[in-house]
Amino acid sequence: MYEHLLVPVDGSELSNKAIAHSIGLAKMLGASITGFTAEPPLPVLVVEQAAVAYDVATFQEHEKRCEAHAREILEAFAAKAKEAGVHFDGQFMITDNVQQGIVDTAQRQGCDLIIMATHGRHGLDALIHGSLAKSVLAHSQLPLLILH
């Protein structure tokens, strides 16, 4: 039924739940997994009400830190998938639009199911913190499996 799962992760305990469930499902279905993580870009630097550009070295150092963090998260996921005999590919990007990154990566990689864990926020908490899962659901044409 499903052959290629996209699983967004961030290294949290909640995303570990998505890792475990997606590996079990992929093994059962004979599917492959693309793990995805997003890192935040450098924030806009404002000095005295004016945006200031970072120097090249600062951008490069930020990219190195982002890549190292993403590699750590995705290598741990890859090791678990390999142990279960599930084909795994890891993808990451630097973006402040995580939900669009998830949707775009799923499309680019040819995924047919997105698996995400959610905090299950609602009410004021959801209004303040937002809901990544709801946003992905609103922007994606793919089925979405939500773990709570």
# chains A, B, ... in the order shown; residues from 1 in each chain; ligands from 1
>>> residues_around(residues="A:Leu25", least_positions_apart="6", cutoff="10 Å", atoms="only C-alpha atoms", output="PDB file with N, CA, C and O atoms, in the first residue's frame")
ATOM      1  N   TYR A   2       1.699   1.408   1.021  1.00  0.00           N
ATOM      2  CA  TYR A   2       2.634   2.535   1.074  1.00  0.00           C
ATOM      3  C   TYR A   2       4.033   1.989   0.861  1.00  0.00           C
ATOM      4  O   TYR A   2       4.414   0.981   1.441  1.00  0.00           O
ATOM      5  N   LEU A   5       7.956   6.239   2.985  1.00  0.00           N
ATOM      6  CA  LEU A   5       7.467   7.057   4.087  1.00  0.00           C
ATOM      7  C   LEU A   5       8.401   8.236   4.331  1.00  0.00           C
ATOM      8  O   LEU A   5       9.615   8.072   4.326  1.00  0.00           O
ATOM      9  N   ILE A  19       9.979   7.678  14.966  1.00  0.00           N
ATOM     10  CA  ILE A  19      11.012   6.793  14.423  1.00  0.00           C
ATOM     11  C   ILE A  19      10.631   5.335  14.649  1.00  0.00           C
ATOM     12  O   ILE A  19      10.638   4.524  13.717  1.00  0.00           O
ATOM     13  N   ALA A  31       8.432  -1.099   2.997  1.00  0.00           N
ATOM     14  CA  ALA A  31       8.603   0.270   2.498  1.00  0.00           C
ATOM     15  C   ALA A  31       9.973   0.819   2.895  1.00  0.00           C
ATOM     16  O   ALA A  31      10.638   0.294   3.788  1.00  0.00           O
ATOM     17  N   SER A  32      10.364   1.890   2.235  1.00  0.00           N
ATOM     18  CA  SER A  32      11.581   2.604   2.609  1.00  0.00           C
ATOM     19  C   SER A  32      11.182   3.881   3.347  1.00  0.00           C
ATOM     20  O   SER A  32      10.034   4.314   3.286  1.00  0.00           O
ATOM     21  N   ILE A  33      12.166   4.456   4.043  1.00  0.00           N
ATOM     22  CA  ILE A  33      11.923   5.665   4.832  1.00  0.00           C
ATOM     23  C   ILE A  33      12.887   6.760   4.404  1.00  0.00           C
ATOM     24  O   ILE A  33      14.079   6.507   4.222  1.00  0.00           O
ATOM     25  N   VAL A  86      15.413  -1.928   7.223  1.00  0.00           N
ATOM     26  CA  VAL A  86      14.593  -0.986   6.449  1.00  0.00           C
ATOM     27  C   VAL A  86      15.511  -0.016   5.709  1.00  0.00           C
ATOM     28  O   VAL A  86      16.418   0.566   6.309  1.00  0.00           O
TER      29      VAL A  86
END
>>> residues_around(residues="A:Asp96", least_positions_apart="5", cutoff="8 Å", atoms="only C-alpha atoms", output="PyMOL selection string")
chain A and resi 39-41
>>> select_by_dssp(residues="chain A", states="alpha helix (DSSP H)", output="number ranges by chain")
A: 13-29, 56-84, 98-109, 123-129, 132-139
>>> closest_residue(among="A:Met93, A:Ala138, A:Leu144, A:Val103", to="A:Ala38", atoms="only C-alpha atoms")
A:Met93
>>> closest_residue(among="A:Leu74, A:Cys111, A:Lys82, A:Thr37", to="A:Asn97", atoms="only C-alpha atoms")
A:Thr37
>>> closest_residue(among="A:His87, A:Thr105, A:Leu137, A:Ala79", to="A:Pro8", atoms="only C-alpha atoms")
A:Thr105
>>> select_by_dssp(residues="chain A", states="strand (DSSP E or B)", output="VMD selection string")
chain A and resid 4 to 8 32 to 39 45 to 47 50 to 52 88 to 94 113 to 117 144 to 147
>>> atom_distance(atom1="atom CA of A:Leu132", atom2="atom CA of A:Gln107")
17.4 Å
>>> atom_distance(atom1="atom CA of A:Cys66", atom2="atom CA of A:Glu83")
25.9 Å
>>> closest_residue(among="A:Leu42, A:Ala81, A:Ile115, A:Val7", to="A:Ile23", atoms="only C-alpha atoms")
A:Ala81
>>> residues_around(residues="A:Asn16", least_positions_apart="5", cutoff="12 Å", atoms="only C-alpha atoms", output="JSON, numbers by chain")
{"A": [7, 8, 9, 10, 11, 21, 22, 23, 35, 73, 74, 76, 77, 80, 115, 116, 117, 118, 147, 148]}
>>> closest_residue(among="A:Ala84, A:Ala57, A:Ile94, A:Leu14", to="A:Lys27", atoms="only C-alpha atoms")
A:Ala84
>>> residues_around(residues="A:His139", least_positions_apart="2", cutoff="12 Å", atoms="only C-alpha atoms", output="JSON, numbers by chain")
{"A": [97, 98, 99, 100, 101, 102, 103, 104, 106, 107, 132, 133, 134, 135, 136, 137, 141, 142, 143, 144]}
>>> atom_distance(atom1="atom CA of A:Phe88", atom2="atom CA of A:Arg71")
13.4 Å
>>> decode(residues="stretch 83-103 of chain A", atoms="C-alpha atoms", output="short mmCIF file (atom, residue, chain, number, x, y, z; two decimals), in the first residue's frame")
data_model
loop_
_atom_site.label_atom_id
_atom_site.label_comp_id
_atom_site.auth_asym_id
_atom_site.auth_seq_id
_atom_site.Cartn_x
_atom_site.Cartn_y
_atom_site.Cartn_z
CA GLU A 83 19.09 -2.72 12.38
CA ALA A 84 15.48 -3.46 11.37
CA GLY A 85 16.42 -4.08 7.73
CA VAL A 86 14.59 -0.99 6.45
CA HIS A 87 16.05 1.11 3.62
CA PHE A 88 16.70 4.66 4.85
CA ASP A 89 17.65 7.98 3.31
CA GLY A 90 18.20 11.16 5.30
CA GLN A 91 17.43 14.70 4.14
CA PHE A 92 17.82 18.04 5.86
CA MET A 93 17.43 21.69 5.04
CA ILE A 94 17.91 25.03 6.68
CA THR A 95 14.56 26.81 6.67
CA ASP A 96 12.20 28.81 8.81
CA ASN A 97 9.24 27.31 6.95
CA VAL A 98 9.40 23.75 8.28
CA GLN A 99 5.93 22.69 7.12
CA GLN A 100 6.70 23.67 3.53
CA GLY A 101 10.07 21.92 3.80
CA ILE A 102 8.29 18.73 4.83
CA VAL A 103 5.75 18.98 2.00
#
